[in-house]
Amino acid sequence: MFDCLRRPAVLLSITIACFALLVGVLAAGSAEAQDRRQNAPGAFDFYVLSLSWSPSYCAEADERGGRGSRSQQCGGRPYSFVVHGLWPQYENGYPEYCEQPAPRLPRNIMTSMLDLMPAPGLIYNEWDKHGTCAGLSAKAYFEIIRKARAAIKIPPEFLDLTEAKTVAPGAVEEAFIKANPKLTTSGIAVTCNRTRLSEVRICLSKDLEFRNCDEIDRQACRRDEVNMPPVRSG
């Protein structure tokens with residue numbers, strides 16, 4: 001009789017112990033997924049070049065109101081794909097803010113990048129969060145962003161999109177692969193935000209060669225179709 005009364009307490013103790021063990025395993029797995037190099041500058045495996053579809057960003061900025069809709073990117077010169085960033089990556093996870101405080105980014109370097117990244121705040125943030133992890137000087141980091149962007153050919157159908165277009169994310173990938181023959185489906189991911197195409201992310205080696213990246217590929221948009229707002233008139 002007394003053994004029967006004790007059994008629920010024993011089961012509860014076992015359950016609690018198992019739960020604690022599971023939490024420990026998950027925490028260890030999470031730490032491992034984030035890589036053991038712990039944000040050491042220059043210690044990473046590859047880059048992700050993120051190209052943002054500017055009309056989607058500006059459409060969302062218009063909906064939110066505020067400063068974004070009045071930014072350089074969203075007024076005046078028409079933009080199609082712009083550089084969001086060049087991000088050092090581990091095979092699992094990524095480093096960020098590898099120097100705190102980050103070395104000050106000279107203003108002349110920021111202004112030199114506005115043709116590719118038409119948002120001063122973005123440029124400063126990308127340097128602080130991602131550039132400091134590349135193990136390069138600010139000048140060298142932004143030079144390699146320019147080289148990475150030059151290595152990618154944008155499909156011609158997206159250069160001057162004058163009308164809204166509904167597309168399958170897979171079709172956008174195929175267009176980029178067609179325009180960049182060494183690129184593979186495992187080395188590119190199209191992302192979306194709500195109903196709109198957001199970004200195209202392309203994986204590059206440290207030498208800026210196309211390479212596969214399964215973790216990035218798994219983050220791709222799963223919608224059947226997304227909208228691409230047209231390029232704004234200049």
# chains A, B, ... in the order shown; residues from 1 in each chain; ligands from 1
$ select_by_dssp --residues "segment 5-222 of chain A" --states "helix (DSSP H, G or I)" --output "MDAnalysis selection string"
chainID A and resid 5:33 54:64 67:70 72:74 107:112 120:129 131:133 138:150 156:158 169:179 185:187 214:217
$ residues_around --residues "Gly135 of chain A" --least-positions-apart "4" --cutoff "8 Å" --atoms "only C-alpha atoms" --output "JSON, numbers by chain"
{"A": [41, 42, 43, 131]}
$ write_last_selection --atoms "N, CA, C and O atoms" --output "compact mmCIF listing (two decimals), in the first residue's frame"
# COMPACT_ATOMS: atom_id res chain seq x y z
N PRO A 41 36.88 37.47 -34.56
CA PRO A 41 36.97 38.13 -35.87
C PRO A 41 37.80 37.30 -36.85
O PRO A 41 38.89 36.83 -36.53
N GLY A 42 37.27 37.12 -38.04
CA GLY A 42 37.97 36.40 -39.10
C GLY A 42 37.82 34.90 -39.05
O GLY A 42 38.20 34.22 -40.00
N ALA A 43 37.28 34.36 -37.97
CA ALA A 43 37.13 32.90 -37.83
C ALA A 43 35.70 32.51 -38.22
O ALA A 43 34.82 32.44 -37.38
N GLY A 131 30.49 43.40 -40.22
CA GLY A 131 31.82 43.72 -40.72
C GLY A 131 32.91 43.44 -39.72
O GLY A 131 34.01 42.99 -40.09
$ residues_around --residues "Phe81 of chain A" --least-positions-apart "4" --cutoff "8 Å" --atoms "only C-alpha atoms" --output "MDAnalysis selection string"
chainID A and resid 51:54 159
$ write_last_selection --atoms "C-alpha atoms" --output "PDB file, in the first residue's frame"
ATOM      1  CA  LEU A  51      20.274  41.397 -51.810  1.00  0.00           C
ATOM      2  CA  SER A  52      17.127  43.185 -50.711  1.00  0.00           C
ATOM      3  CA  TRP A  53      14.268  43.882 -53.141  1.00  0.00           C
ATOM      4  CA  SER A  54      14.074  47.619 -52.476  1.00  0.00           C
ATOM      5  CA  LEU A 159      16.348  45.263 -63.406  1.00  0.00           C
TER       6      LEU A 159
END
$ closest_residue --among "A:Ala168, A:Ser186, A:Val83, A:Pro230" --to "Ile154 of chain A" --atoms "only C-alpha atoms"
A:Val83
$ closest_residue --among "A:Glu126, A:Ile188, A:Pro156, A:Cys213" --to "Asp45 of chain A" --atoms "only C-alpha atoms"
A:Cys213
$ closest_residue --among "A:Pro95, A:Gly75, A:Gly170, A:Pro120" --to "Ala134 of chain A" --atoms "only C-alpha atoms"
A:Pro95
$ atom_distance --atom1 "atom CA of Tyr97 of chain A" --atom2 "atom CA of Asn193 of chain A"
24.9 Å
$ residues_around --residues "Phe46 of chain A" --least-positions-apart "6" --cutoff "9 Å" --atoms "only C-alpha atoms" --output "ChimeraX atom specification"
/A:87-91,203-208,211,213
$ closest_residue --among "A:Met117, A:Thr184, A:Thr191, A:Ser71" --to "Ile145 of chain A" --atoms "only C-alpha atoms"
A:Met117
$ select_by_dssp --residues "segment 5-234 of chain A" --states "strand (DSSP E or B)" --output "ChimeraX atom specification"
/A:46-53,81-89,165-167,188-193,196-204,210,226-228
$ closest_residue --among "A:Thr111, A:Thr162, A:Asn180, A:Gln38" --to "Tyr79 of chain A" --atoms "only C-alpha atoms"
A:Thr162
